[in-house]
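Asks: start06.cif (mmCIF, C-alpha atoms) pasted underneath:
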```cif
data_query
#
loop_
_atom_site.label_atom_id
_atom_site.label_comp_id
_atom_site.auth_asym_id
_atom_site.auth_seq_id
_atom_site.Cartn_x
_atom_site.Cartn_y
_atom_site.Cartn_z
CA MET A 466 100.88 76.32 176.91
CA ARG A 467 100.97 79.82 175.63
CA HIS A 468 97.39 79.71 174.43
CA ASP A 469 95.89 78.53 177.66
CA GLU A 470 93.04 80.59 178.87
CA ARG A 471 93.99 83.42 181.13
CA THR A 472 93.49 82.80 184.79
CA THR A 473 93.93 86.39 185.77
CA ALA A 474 91.93 89.40 184.82
CA PRO A 475 93.56 92.00 182.60
CA PRO A 476 95.27 94.78 184.50
CA ASP A 477 92.95 97.52 185.61
CA GLU A 478 95.25 100.18 184.32
CA PRO A 479 97.15 100.05 181.07
CA ARG A 480 100.89 100.40 181.29
CA VAL A 481 100.92 103.01 178.61
CA THR A 482 100.58 106.57 179.65
CA GLY A 483 98.32 109.06 178.01
CA ARG A 484 95.03 107.36 178.77
CA ASP A 485 93.93 110.29 180.85
CA GLU A 486 92.95 112.00 177.66
CA PRO A 487 89.37 111.05 177.02
CA PRO A 488 88.22 110.57 173.48
CA ALA A 489 87.04 113.76 171.89
CA PRO A 490 83.40 114.18 172.83
CA THR A 491 80.93 113.98 170.04
CA PRO A 492 78.01 116.31 170.48
CA ALA A 493 74.82 114.55 171.33
CA GLY A 494 72.37 114.74 168.51
CA MET A 495 75.05 114.56 165.89
CA TRP A 496 73.48 111.54 164.24
CA PRO A 497 69.80 112.32 163.85
CA GLY A 498 68.35 113.57 160.63
CA GLU A 499 69.07 117.19 161.43
CA THR A 500 72.67 116.86 160.26
CA HIS A 501 71.52 115.14 157.10
CA GLY A 502 74.64 115.16 155.03
CA GLU A 503 75.92 118.27 156.63
CA VAL A 504 79.20 118.17 158.52
CA PRO A 505 78.66 118.76 162.24
CA ALA A 506 80.58 121.86 163.17
CA ALA A 507 81.64 120.75 166.64
CA SER A 508 83.82 117.88 165.48
CA PRO A 509 87.29 119.12 164.55
CA VAL A 510 88.12 116.08 162.47
CA VAL A 511 84.98 116.29 160.48
CA ALA A 512 85.16 120.04 160.16
CA ARG A 513 88.43 119.75 158.34
CA LEU A 514 86.88 117.19 156.12
CA GLY A 515 84.16 119.63 155.18
CA GLU A 516 86.77 121.99 153.81
CA THR A 517 88.26 119.46 151.46
CA HIS A 518 84.92 117.96 150.45
CA GLY A 519 86.00 115.06 148.32
CA GLU A 520 88.94 116.90 146.95
CA VAL A 521 92.45 115.61 147.44
CA PRO A 522 94.34 118.05 149.64
CA VAL A 523 97.61 119.23 148.20
CA ALA A 524 100.18 119.97 150.87
CA SER A 525 101.94 116.97 152.35
CA PRO A 526 104.13 117.47 155.40
CA VAL A 527 105.65 114.06 154.82
CA GLY A 528 105.74 114.24 151.08
CA THR A 529 109.45 113.62 151.02
CA ARG A 530 108.74 109.98 151.70
CA ARG A 531 106.90 109.42 148.48
CA GLY A 532 108.97 107.62 145.89
CA LYS A 533 111.20 105.98 148.47
CA THR A 534 112.80 102.76 147.53
CA HIS A 535 110.69 99.78 148.50
CA GLY A 536 111.92 98.00 151.55
CA GLU A 537 113.42 101.08 153.01
CA VAL A 538 112.00 102.62 156.12
CA PRO A 539 112.60 106.33 156.32
CA VAL A 540 115.05 107.06 159.07
CA ALA A 541 114.10 110.59 159.95
CA VAL A 542 111.06 110.49 162.14
CA PRO A 543 109.63 113.68 163.55
CA VAL A 544 110.16 113.83 167.27
CA GLY A 545 107.57 116.45 168.06
CA ALA A 546 105.11 115.51 170.76
CA TRP A 547 101.58 114.67 169.71
CA ARG A 548 99.93 115.27 173.03
CA GLY A 549 97.16 117.71 172.44
CA GLU A 550 97.75 117.40 168.71
CA THR A 551 97.01 114.70 166.24
CA ALA A 552 99.82 112.85 164.53
CA GLY A 553 100.52 112.44 160.85
CA ARG A 554 99.58 108.96 159.69
CA ASP A 555 102.76 108.34 157.75
CA GLU A 556 105.02 109.56 160.52
CA VAL A 557 103.29 107.17 162.92
CA LEU A 558 103.69 104.36 160.42
CA ALA A 559 107.39 105.15 160.08
CA VAL A 560 107.79 104.65 163.83
CA VAL A 561 105.73 101.45 163.73
CA LEU A 562 107.65 99.98 160.82
CA GLN A 563 111.03 100.85 162.27
CA ALA A 564 110.13 99.08 165.49
CA ALA A 565 108.72 96.11 163.60
CA ARG A 566 111.82 95.70 161.46
CA ALA A 567 114.10 96.05 164.48
CA ALA A 568 112.18 93.22 166.18
CA GLY A 569 111.97 91.08 163.04
CA ALA A 570 108.20 91.32 163.25
CA ALA A 571 105.67 90.55 160.56
CA VAL A 572 103.28 93.41 159.78
CA PHE A 573 99.65 92.83 158.84
CA THR A 574 97.62 95.76 157.53
CA GLY A 575 93.89 96.35 157.52
CA ASN A 576 92.34 97.37 154.25
CA GLY A 577 92.04 100.84 152.83
CA ASP A 578 94.51 103.69 152.82
CA VAL A 579 96.45 102.20 155.74
CA ALA A 580 97.57 99.31 153.55
CA ARG A 581 98.62 101.73 150.83
CA ALA A 582 100.50 103.88 153.31
CA VAL A 583 102.36 100.96 154.88
CA ALA A 584 103.46 99.76 151.46
CA ALA A 585 104.61 103.26 150.54
CA VAL A 586 106.36 104.10 153.79
CA GLY A 587 108.18 100.80 154.15
CA ASP A 588 107.41 97.88 151.88
CA HIS A 589 108.89 94.60 153.07
CA PRO A 590 108.36 90.89 152.33
CA LEU A 591 107.10 90.41 155.89
CA ASN A 592 104.33 92.95 155.28
CA PHE A 593 101.00 91.32 154.53
CA SER A 594 98.52 93.64 152.81
CA MET A 595 94.96 92.53 153.41
CA PHE A 596 92.76 94.05 150.71
CA GLY A 597 89.23 93.07 151.61
CA SER A 598 88.02 91.43 154.81
CA MET A 599 87.69 94.74 156.58
CA GLY A 600 88.27 94.44 160.31
CA LEU A 601 89.96 91.06 160.21
CA ALA A 602 93.64 92.05 160.08
CA PRO A 603 94.31 91.57 163.82
CA VAL A 604 92.70 88.13 163.83
CA LEU A 605 94.60 87.18 160.69
CA ALA A 606 97.78 88.33 162.40
CA ALA A 607 96.82 86.42 165.54
CA GLY A 608 96.57 83.21 163.54
CA PHE A 609 100.11 83.73 162.30
CA ALA A 610 101.30 84.59 165.81
CA ALA A 611 99.58 81.58 167.34
CA ARG A 612 101.22 79.27 164.87
CA THR A 613 104.73 80.73 164.86
CA GLY A 614 105.14 82.65 168.13
CA ARG A 615 106.96 85.30 166.14
CA PRO A 616 106.56 89.00 166.92
CA VAL A 617 103.70 90.58 165.02
CA VAL A 618 102.26 94.02 164.39
CA ALA A 619 98.70 94.48 163.16
CA VAL A 620 97.90 97.99 162.00
CA GLU A 621 94.54 99.29 160.86
CA GLY A 622 92.29 102.34 160.90
CA ASP A 623 89.45 103.05 163.30
CA GLY A 624 86.84 101.94 160.77
CA ASN A 625 88.49 98.55 160.57
CA ALA A 626 88.83 98.36 164.34
CA LEU A 627 85.14 99.09 164.86
CA MET A 628 84.11 96.49 162.32
CA GLY A 629 86.41 93.94 163.92
CA LEU A 630 85.30 94.28 167.53
CA SER A 631 84.16 90.67 167.71
CA GLY A 632 87.73 89.70 166.91
CA LEU A 633 89.20 91.30 170.04
CA PRO A 634 88.59 88.25 172.27
CA VAL A 635 89.90 85.96 169.54
CA THR A 636 93.10 87.95 169.21
CA ALA A 637 93.45 88.17 172.98
CA PHE A 638 93.13 84.40 173.27
CA ALA A 639 95.25 83.46 170.26
CA ALA A 640 98.05 86.00 170.49
CA GLY A 641 99.59 85.60 173.91
CA THR A 642 102.83 86.23 172.08
CA PRO A 643 104.73 89.45 171.28
CA PHE A 644 101.91 91.18 169.43
CA VAL A 645 101.05 94.86 169.02
CA HIS A 646 97.72 95.93 167.58
CA VAL A 647 97.98 99.52 166.35
CA VAL A 648 94.88 101.52 165.50
CA LEU A 649 95.30 104.80 163.64
CA ASP A 650 92.22 106.79 164.54
CA ASN A 651 91.45 109.65 162.19
CA GLY A 652 87.76 109.49 163.00
CA VAL A 653 86.62 108.84 159.46
CA TYR A 654 86.38 106.24 156.73
CA GLU A 655 89.04 108.05 154.77
CA THR A 656 89.27 105.54 151.94
CA THR A 657 85.62 105.89 151.06
CA GLY A 658 85.49 109.65 151.21
CA GLY A 659 85.75 110.71 154.84
CA GLN A 660 82.45 109.63 156.37
CA PRO A 661 82.68 109.92 160.17
CA THR A 662 83.04 106.72 162.19
CA LEU A 663 81.74 106.16 165.69
CA ALA A 664 85.29 105.99 167.05
CA ALA A 665 85.07 109.31 168.90
CA ARG A 666 82.29 107.84 171.04
CA VAL A 667 84.13 104.61 171.81
CA ASP A 668 86.98 103.86 174.19
CA LEU A 669 88.76 101.30 172.03
CA PRO A 670 91.71 100.68 174.39
CA ALA A 671 89.26 99.96 177.22
CA MET A 672 87.41 97.53 174.97
CA ALA A 673 90.66 95.77 174.13
CA LEU A 674 91.53 95.42 177.80
CA ALA A 675 88.04 94.16 178.59
CA ALA A 676 88.43 91.60 175.81
CA GLY A 677 91.58 90.22 177.40
CA TYR A 678 94.45 92.20 175.91
CA ALA A 679 97.51 92.37 178.14
CA THR A 680 97.98 96.13 177.78
CA ALA A 681 96.32 99.04 176.03
CA GLY A 682 96.92 102.72 175.80
CA ARG A 683 97.31 105.96 173.91
CA PRO A 684 100.93 106.96 173.51
CA GLY A 685 101.27 110.74 173.47
CA GLY A 686 104.18 111.08 171.07
CA PRO A 687 106.65 109.22 168.86
CA GLY A 688 108.93 108.41 171.78
CA GLU A 689 106.16 106.83 173.80
CA LEU A 690 104.93 104.93 170.77
CA ARG A 691 108.41 103.61 170.13
CA ASP A 692 108.69 102.47 173.74
CA VAL A 693 105.34 100.71 173.61
CA LEU A 694 106.26 98.94 170.38
CA ASP A 695 109.71 97.93 171.56
CA GLY A 696 108.21 96.55 174.77
CA GLY A 697 105.19 94.92 173.15
CA LEU A 698 107.29 93.15 170.54
CA ARG A 699 109.40 91.52 173.24
CA ALA A 700 106.80 90.56 175.84
CA PRO A 701 103.67 88.39 175.94
CA GLY A 702 100.69 90.22 174.52
CA PRO A 703 98.63 91.27 172.89
CA SER A 704 99.16 94.98 173.36
CA PHE A 705 96.75 97.55 172.00
CA VAL A 706 97.82 101.03 170.89
CA LEU A 707 95.57 103.83 169.72
CA VAL A 708 97.02 106.89 168.02
CA ARG A 709 94.84 109.80 166.95
CA THR A 710 95.92 110.89 163.50
CA ARG A 711 94.95 113.81 161.36
CA LEU A 712 93.62 113.31 157.89
CA ALA A 713 96.35 112.58 155.40
CA THR A 714 97.20 115.36 153.04
CA GLY A 715 98.76 115.22 149.61
CA ALA A 716 98.07 112.71 146.92
CA ARG A 717 96.93 109.28 148.04
CA HIS A 718 99.57 106.63 148.06
CA PRO A 719 99.30 104.29 145.10
CA ARG A 720 97.22 101.17 145.33
CA VAL A 721 99.26 98.08 146.17
CA ALA A 722 99.64 96.55 142.75
CA ALA A 723 100.69 93.00 143.57
CA HIS A 724 98.17 90.17 143.22
CA PRO A 725 97.08 88.86 146.62
CA ARG A 726 98.40 85.43 145.67
CA ASP A 727 101.86 86.88 145.19
CA ILE A 728 101.68 88.83 148.43
CA ALA A 729 100.94 85.58 150.25
CA ARG A 730 103.74 83.76 148.45
CA ARG A 731 106.24 86.50 149.12
CA PHE A 732 105.23 86.63 152.75
CA LYS A 733 105.49 82.86 153.26
CA ALA A 734 108.85 82.75 151.55
CA ALA A 735 110.15 85.51 153.83
CA ALA A 736 108.67 83.83 156.89
CA GLY A 737 110.08 80.45 155.90
CA THR A 738 106.64 78.83 155.96
CA ASP A 739 106.10 78.18 152.28
CA ASP A 740 106.79 74.48 151.90
CA THR A 741 104.69 72.98 154.63
CA THR A 742 101.14 73.02 153.40
CA THR A 743 100.80 72.51 149.71
CA ARG A 744 99.81 69.12 148.43
CA MET B 42 81.25 57.58 165.88
CA SER B 43 82.65 59.43 168.81
CA GLY B 44 86.39 59.88 168.71
CA GLU B 45 86.64 59.71 164.94
CA HIS B 46 87.24 63.38 164.25
CA VAL B 47 90.64 64.27 165.65
CA PRO B 48 92.31 61.10 164.31
CA ALA B 49 90.84 61.89 160.89
CA LEU B 50 92.11 65.47 161.07
CA LEU B 51 95.58 64.30 162.00
CA ALA B 52 95.52 61.66 159.28
CA CYS B 53 94.80 64.42 156.76
CA GLY B 54 97.70 66.49 158.03
CA VAL B 55 95.47 69.17 159.55
CA THR B 56 97.47 71.04 162.17
CA PHE B 57 95.22 73.97 163.04
CA VAL B 58 91.48 74.03 163.68
CA THR B 59 89.14 76.91 164.43
CA GLY B 60 85.46 77.56 164.09
CA VAL B 61 82.20 78.31 165.85
CA PRO B 62 80.48 75.48 167.72
CA ASP B 63 77.18 73.96 166.64
CA SER B 64 74.88 71.26 167.96
CA ALA B 65 75.55 68.98 165.01
CA LEU B 66 79.28 69.57 165.40
CA ALA B 67 79.28 68.84 169.14
CA PRO B 68 81.11 65.51 168.74
CA LEU B 69 83.92 67.31 166.90
CA THR B 70 84.23 70.16 169.37
CA ALA B 71 84.05 67.75 172.31
CA GLU B 72 87.10 65.97 170.95
CA LEU B 73 88.88 69.27 170.29
CA ASP B 74 88.02 70.73 173.68
CA ALA B 75 89.33 67.60 175.37
CA GLY B 76 93.03 68.22 175.08
CA HIS B 77 93.47 70.37 172.00
CA ARG B 78 91.93 73.71 172.99
CA GLY B 79 94.68 76.32 173.11
CA ALA B 80 96.95 74.07 171.09
CA MET B 81 95.77 72.99 167.64
CA TYR B 82 92.27 74.27 168.34
CA LEU B 83 91.47 77.94 168.88
CA PRO B 84 87.78 78.86 169.13
CA ALA B 85 86.46 81.88 167.21
CA THR B 86 83.64 84.28 167.93
CA ARG B 87 82.30 84.51 164.40
CA GLU B 88 82.84 82.53 161.25
CA ASP B 89 84.70 85.36 159.50
CA ASN B 90 87.09 85.52 162.43
CA ALA B 91 87.56 81.78 162.09
CA VAL B 92 88.49 82.07 158.42
CA ALA B 93 90.91 84.93 159.12
CA LEU B 94 92.51 83.06 162.01
CA ALA B 95 92.93 79.99 159.81
CA VAL B 96 94.44 81.99 156.95
CA GLY B 97 96.87 83.58 159.40
CA ALA B 98 97.86 80.16 160.69
CA TRP B 99 98.37 79.03 157.09
CA LEU B 100 100.68 81.99 156.54
CA GLY B 101 102.54 80.65 159.55
CA GLY B 102 102.94 77.21 158.00
CA ALA B 103 99.88 75.44 159.39
CA SER B 104 97.45 73.27 157.47
CA PRO B 105 94.16 74.65 158.76
CA LEU B 106 90.54 73.59 158.92
CA VAL B 107 87.53 75.78 159.73
CA PHE B 108 84.20 74.45 160.97
CA MET B 109 80.83 76.17 161.15
CA LYS B 110 77.15 75.56 160.80
CA SER B 111 75.58 76.38 157.47
CA MET B 112 74.13 79.70 158.62
CA GLY B 113 77.65 80.81 159.49
CA LEU B 114 78.50 80.92 155.82
CA GLY B 115 76.87 84.34 155.62
CA ASN B 116 79.13 85.66 158.34
CA ALA B 117 82.14 84.08 156.68
CA GLY B 118 81.36 85.43 153.22
CA ASP B 119 83.76 88.37 153.00
CA ALA B 120 86.67 86.51 154.57
CA LEU B 121 86.01 83.48 152.42
CA THR B 122 85.95 85.42 149.17
CA SER B 123 88.32 88.37 149.70
CA LEU B 124 90.84 86.51 151.83
CA ALA B 125 90.81 82.73 151.40
CA GLN B 126 89.88 82.75 147.70
CA VAL B 127 92.03 85.57 146.37
CA TYR B 128 95.11 84.80 148.46
CA GLU B 129 94.74 81.19 147.24
CA VAL B 130 94.59 79.47 150.56
CA PRO B 131 94.05 75.69 150.71
CA LEU B 132 91.29 75.86 153.30
CA PRO B 133 89.06 72.86 154.00
CA MET B 134 85.84 73.82 155.78
CA TYR B 135 83.53 71.46 157.64
CA ILE B 136 80.00 72.82 157.46
CA ALA B 137 77.07 71.31 159.34
CA TRP B 138 74.23 71.38 156.86
CA HIS B 139 71.17 72.51 158.74
CA GLY B 140 68.06 72.98 156.67
CA HIS B 141 69.18 70.27 154.27
CA ARG B 142 66.38 69.79 151.71
CA GLY B 143 64.19 72.10 153.72
CA GLY B 144 63.65 69.58 156.47
CA ASP B 145 64.50 71.89 159.33
CA VAL B 146 63.21 74.99 161.11
CA PRO B 147 62.37 77.95 158.88
CA HIS B 148 65.41 80.06 159.68
CA HIS B 149 67.67 77.14 158.77
CA ASN B 150 65.78 76.13 155.66
CA VAL B 151 66.24 79.36 153.70
CA LEU B 152 69.97 78.91 153.34
CA GLY B 153 69.88 75.15 153.87
CA GLU B 154 67.87 74.55 150.73
CA VAL B 155 70.41 76.37 148.55
CA LEU B 156 73.65 75.83 150.47
CA ALA B 157 75.36 73.71 147.84
CA GLU B 158 74.32 76.14 145.10
CA VAL B 159 75.62 79.13 147.05
CA LEU B 160 78.98 77.45 147.57
CA ASP B 161 79.07 76.48 143.92
CA ALA B 162 78.39 80.09 142.95
CA LEU B 163 81.29 81.12 145.18
CA ARG B 164 83.49 78.60 143.33
CA VAL B 165 83.88 76.46 146.44
CA PRO B 166 83.87 72.74 145.60
CA VAL B 167 81.65 70.60 147.80
CA VAL B 168 81.94 67.12 149.31
CA ARG B 169 79.04 65.63 151.28
CA HIS B 170 78.66 63.02 153.97
CA VAL B 171 76.04 61.96 156.47
CA MET B 172 77.18 62.63 160.00
CA GLY B 173 77.52 59.74 162.41
CA THR B 174 77.94 57.09 159.73
CA GLY B 175 81.67 56.57 160.01
CA THR B 176 82.34 58.41 156.77
CA PHE B 177 84.01 61.53 158.16
CA ALA B 178 87.59 60.40 157.61
CA ALA B 179 87.12 59.50 153.97
CA ALA B 180 85.06 62.59 153.20
CA LEU B 181 87.56 64.85 154.94
CA ALA B 182 90.43 63.28 153.03
CA GLU B 183 88.64 64.03 149.78
CA THR B 184 87.97 67.61 150.87
CA THR B 185 91.50 68.38 152.01
CA THR B 186 92.89 66.88 148.83
CA LEU B 187 90.59 69.13 146.77
CA ALA B 188 91.56 72.23 148.72
CA ARG B 189 95.26 71.56 148.50
CA ALA B 190 95.22 70.60 144.84
CA ARG B 191 93.47 73.86 143.98
CA ASN B 192 94.97 76.12 146.65
CA ARG B 193 91.46 77.26 147.41
CA PRO B 194 88.75 76.66 150.00
CA ALA B 195 86.75 73.44 149.72
CA ALA B 196 83.71 72.50 151.78
CA LEU B 197 82.73 69.24 153.41
CA LEU B 198 79.01 69.43 154.07
CA GLY B 199 78.01 67.30 157.03
CA ILE B 200 74.36 66.31 156.79
CA PRO B 201 72.81 65.59 160.20
CA ALA B 202 71.49 62.03 160.11
CA HIS B 203 67.92 63.06 160.91
CA LEU B 204 67.91 65.31 157.84
CA ALA B 205 69.52 62.78 155.52
CA GLY B 206 66.27 61.02 154.66
CA GLU B 207 66.14 58.31 152.06
CA ALA B 208 68.44 59.94 149.57
CA PRO B 209 71.17 61.55 151.63
CA HIS B 210 73.38 62.23 148.68
CA ALA B 211 70.75 63.89 146.54
CA ALA B 212 71.45 67.48 145.73
#
```
Take the structure in the file and write it out as structure tokens.
Replies:
Amino acid sequence: MRHDERTTAPPDEPRVTGRDEPPAPTPAGMWPGETHGEVPAASPVVARLGETHGEVPVASPVGTRRGKTHGEVPVAVPVGAWRGETAGRDEVLAVVLQAARAAGAAVFTGNGDVARAVAAVGDHPLNFSMFGSMGLAPVLAAGFAARTGRPVVAVEGDGNALMGLSGLPVTAFAAGTPFVHVVLDNGVYETTGGQPTLAARVDLPAMALAAGYATAGRPGGPGELRDVLDGGLRAPGPSFVLVRTRLATGARHPRVAAHPRDIARRFKAAAGTDDTTTR
Amino acid sequence: MSGEHVPALLACGVTFVTGVPDSALAPLTAELDAGHRGAMYLPATREDNAVALAVGAWLGGASPLVFMKSMGLGNAGDALTSLAQVYEVPLPMYIAWHGHRGGDVPHHNVLGEVLAEVLDALRVPVVRHVMGTGTFAAALAETTTLARARNRPAALLGIPAHLAGEAPHAA
């Protein structure tokens, strides 16, 4: 009965703290032709982008992770609070992957640099890298959750989340299981060169709640994120988590080299679901 | 042929169904809604969501089926090609063929006239049947067999009887 339609409205308030921070306001008039290829000065995320201008930034605060053995999740996770600051993408992913592995959860990644980063920070047979199909990772993950009831993490960037808005009700309906949907919001389409998204103007956690998610929020630091993940991977969901991240620095993580077919095979073998459908 | 769909799905080993409702598919969704919604049937909001949900269920060990009307193929395109095709997912799809041979309203005819060719161009093999003629079970069996033998999507095109005309199996 776990997929029965909800009879109660989602909670008015998310259980996660930190929602009192409104999304960074985007100046009105940012979109009309006046900006015309120019980076609006008032947006901190975009302003930083303007400095790098298509160039790959050099310094990497988390560069020690690069070259890690596959399958290993870095143990040392920065404990500094993010409140009022943005988090580093890879340090957030390290927290997410640690929690996922501890719960035995499968991890589905949206396309773009997030997929690369997840593979680099903590490759694992129960990671499913989705290469195309932008915006569909949570729904893909929800199909797996609906079928197996196993704990699941879906992680994607804000560009993916915005493209996949029509999937929120589907995920909410299908994934009444331990399920955490993590959105890393850096405000731009980083993979394609840093074009600003509309995320700063959108309250994504509120949209998730309105679509039927069980909880949604903005954890303010690694400790809060860990708590949300640990809770969400052991309780009926889905839970929605938004973390503001700063633009990644340093060289891009390498492209995931495996053929999609082999990713699916590896995943099904690890999940124990590989001998039930063929022929 | 009311009541023929779910038994046919079960006979083919289909264990997970999702899609977007359509007038021509109403007999199928009526059967699914009556007792299977929330269990083997999860409704989707768009056809690409349906494909992704089905692929996820397949990763979880299910044998899925996706249904949609022909115009939904456009919505499904990215998921069908970048997910179901490249991850080699045996995914039978049941597509209600509106605009078949241009015999429908204009906004159905544009895609309807070339539906089989579009699917062929996408390397999706096609099986056809005329809806309401008691042929669903056999046509579905052929489609699921194709999909599973190739580990790829395969489409069963359901032609609404009023569009079938004198030569329902003509291309």
Asks: How many Å lie between CA of Gly614 in chain A and CA of Thr642 in chain A, rounded to one decimal?
Replies: 5.8 Å
Asks: Which residues fall under the PyMOL selection byres ((chain B and resi 62) around 10) in this file, as a list in words?
Replies: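 Listing what the PyMOL selection byres ((chain B and resi 62) around 10) selects in the shown file: Thr59, Gly60, Val61, Asp63, Ser64, Ala65, Leu66, Ala67, Leu69, Thr70, Ala71, Pro84, Ala85, Thr86, Arg87, Glu88, Phe108, Met109, Lys110 and Ala137 of chain B.
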Asks: Please list as a ChimeraX atom specification every residue within 8 Å of Val130 in chain B, counting all atoms listed in the file and excluding residues in the same chain fewer than 2 positions away.
Replies: /B:96,99,125-128,132,192-194
Asks: Between A:Ala673, A:Ala736, A:Ala723, A:Val617, which is the closest to chain B once you count all atoms listed in the file?
Replies: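 Among the listed residues, A:Ala736 lies closest to chain B.
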Asks: Any chance you could work out the residue set of the PyMOL selection byres ((chain B and resi 164-178) around 9) here, as a PyMOL selection string?
Replies: chain B and resi 42-43+45-46+48-50+52-53+65+126+137+157+159-163+179-184+187-188+193-202+204-205+209-210
Asks: Sorted by chain and rising residue number, which residues of chain B lie within 8 Å of chain A, and what are their closest atom pairs and distances in Å to one decimal, counting only C-alpha atoms, as JSON lines?
Replies:
```
{"residue": "B:Arg78", "atom": "CA", "partner": "A:Asp469", "partner_atom": "CA", "distance": 7.8}
{"residue": "B:Gly79", "atom": "CA", "partner": "A:His468", "partner_atom": "CA", "distance": 4.5}
{"residue": "B:Ala80", "atom": "CA", "partner": "A:His468", "partner_atom": "CA", "distance": 6.6}
{"residue": "B:Leu83", "atom": "CA", "partner": "A:Ala639", "partner_atom": "CA", "distance": 6.8}
{"residue": "B:Pro84", "atom": "CA", "partner": "A:Val635", "partner_atom": "CA", "distance": 7.4}
{"residue": "B:Ala85", "atom": "CA", "partner": "A:Val635", "partner_atom": "CA", "distance": 5.8}
{"residue": "B:Thr86", "atom": "CA", "partner": "A:Ser631", "partner_atom": "CA", "distance": 6.4}
{"residue": "B:Arg87", "atom": "CA", "partner": "A:Ser631", "partner_atom": "CA", "distance": 7.2}
{"residue": "B:Asp89", "atom": "CA", "partner": "A:Leu601", "partner_atom": "CA", "distance": 7.8}
{"residue": "B:Asn90", "atom": "CA", "partner": "A:Gly632", "partner_atom": "CA", "distance": 6.2}
{"residue": "B:Ala93", "atom": "CA", "partner": "A:Leu605", "partner_atom": "CA", "distance": 4.6}
{"residue": "B:Leu94", "atom": "CA", "partner": "A:Gly608", "partner_atom": "CA", "distance": 4.3}
{"residue": "B:Ala95", "atom": "CA", "partner": "A:Gly608", "partner_atom": "CA", "distance": 6.1}
{"residue": "B:Val96", "atom": "CA", "partner": "A:Leu605", "partner_atom": "CA", "distance": 6.4}
{"residue": "B:Gly97", "atom": "CA", "partner": "A:Gly608", "partner_atom": "CA", "distance": 4.2}
{"residue": "B:Ala98", "atom": "CA", "partner": "A:Gly608", "partner_atom": "CA", "distance": 4.4}
{"residue": "B:Trp99", "atom": "CA", "partner": "A:Phe609", "partner_atom": "CA", "distance": 7.2}
{"residue": "B:Leu100", "atom": "CA", "partner": "A:Lys733", "partner_atom": "CA", "distance": 5.9}
{"residue": "B:Gly101", "atom": "CA", "partner": "A:Phe609", "partner_atom": "CA", "distance": 4.8}
{"residue": "B:Gly102", "atom": "CA", "partner": "A:Thr738", "partner_atom": "CA", "distance": 4.5}
{"residue": "B:Ala103", "atom": "CA", "partner": "A:Thr742", "partner_atom": "CA", "distance": 6.6}
{"residue": "B:Ser104", "atom": "CA", "partner": "A:Thr742", "partner_atom": "CA", "distance": 5.5}
{"residue": "B:Asp119", "atom": "CA", "partner": "A:Ser598", "partner_atom": "CA", "distance": 5.5}
{"residue": "B:Ala120", "atom": "CA", "partner": "A:Ser598", "partner_atom": "CA", "distance": 5.1}
{"residue": "B:Ser123", "atom": "CA", "partner": "A:Gly597", "partner_atom": "CA", "distance": 5.2}
{"residue": "B:Leu124", "atom": "CA", "partner": "A:Ser598", "partner_atom": "CA", "distance": 6.4}
{"residue": "B:Val127", "atom": "CA", "partner": "A:Pro725", "partner_atom": "CA", "distance": 6.0}
{"residue": "B:Tyr128", "atom": "CA", "partner": "A:Arg726", "partner_atom": "CA", "distance": 4.4}
{"residue": "B:Glu129", "atom": "CA", "partner": "A:Arg726", "partner_atom": "CA", "distance": 5.8}
{"residue": "B:Pro131", "atom": "CA", "partner": "A:Thr743", "partner_atom": "CA", "distance": 7.5}
{"residue": "B:Thr186", "atom": "CA", "partner": "A:Arg744", "partner_atom": "CA", "distance": 7.3}
{"residue": "B:Arg189", "atom": "CA", "partner": "A:Arg744", "partner_atom": "CA", "distance": 5.2}
{"residue": "B:Ala190", "atom": "CA", "partner": "A:Arg744", "partner_atom": "CA", "distance": 6.0}
{"residue": "B:Asn192", "atom": "CA", "partner": "A:Thr743", "partner_atom": "CA", "distance": 7.5}
```
Asks: Any idea what the distance is between CA of Ala640 in chain A and CA of Ala665 in chain A?
Replies: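 Going from CA of Ala640 in chain A over to CA of Ala665 in chain A, I get 26.7 Å.
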Asks: Between CA of Ser111 in chain B and CA of Leu156 in chain B, what is the distance, to one decimal in Å?
Replies: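 Those two atoms sit 7.3 Å apart.
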Asks: Assuming the chain letters and numbering stay as they are in my file, what does the PyMOL selection byres ((chain A and resi 694-705) around 6) actually select? List them as a list in words.
Replies: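 Evaluating the PyMOL selection byres ((chain A and resi 694-705) around 6) on these coordinates yields Pro616, Ala640, Gly641, Thr642, Pro643, Phe644, Val645, His646, Tyr678, Ala679, Thr680, Ala681, Arg691, Asp692, Val693 and Val706 of chain A.
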Asks: Quick one: residues within 7 Å of Gly153 in chain B, all atoms listed in the file counted, chain neighbours fewer than 5 positions away excluded, as a VMD selection string?
Replies: chain B and resid 111 138 to 143
Asks: Keeping only C-alpha atoms, write the selected residues to a file as a compact mmCIF listing (two decimals), in the coordinates of the input.
Replies:
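What follows is the written file result-v3.txt:
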```txt
# COMPACT_ATOMS: atom_id res chain seq x y z
CA SER B 111 75.58 76.38 157.47
CA TRP B 138 74.23 71.38 156.86
CA HIS B 139 71.17 72.51 158.74
CA GLY B 140 68.06 72.98 156.67
CA HIS B 141 69.18 70.27 154.27
CA ARG B 142 66.38 69.79 151.71
CA GLY B 143 64.19 72.10 153.72
```
Asks: Pick the closest to Asp555 in chain A from A:Leu591, A:Ala582, A:Leu707, A:Val721: which is it, counting only C-alpha atoms?
Replies: A:Ala582
Asks: Looking at B:Val47, B:Gly54, B:Gly115, B:Gly144, which one is nearest to Gly76 in chain B, with distances taken over all atoms listed in the file?
Replies: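 So, comparing all the options, the nearest one is B:Val47.
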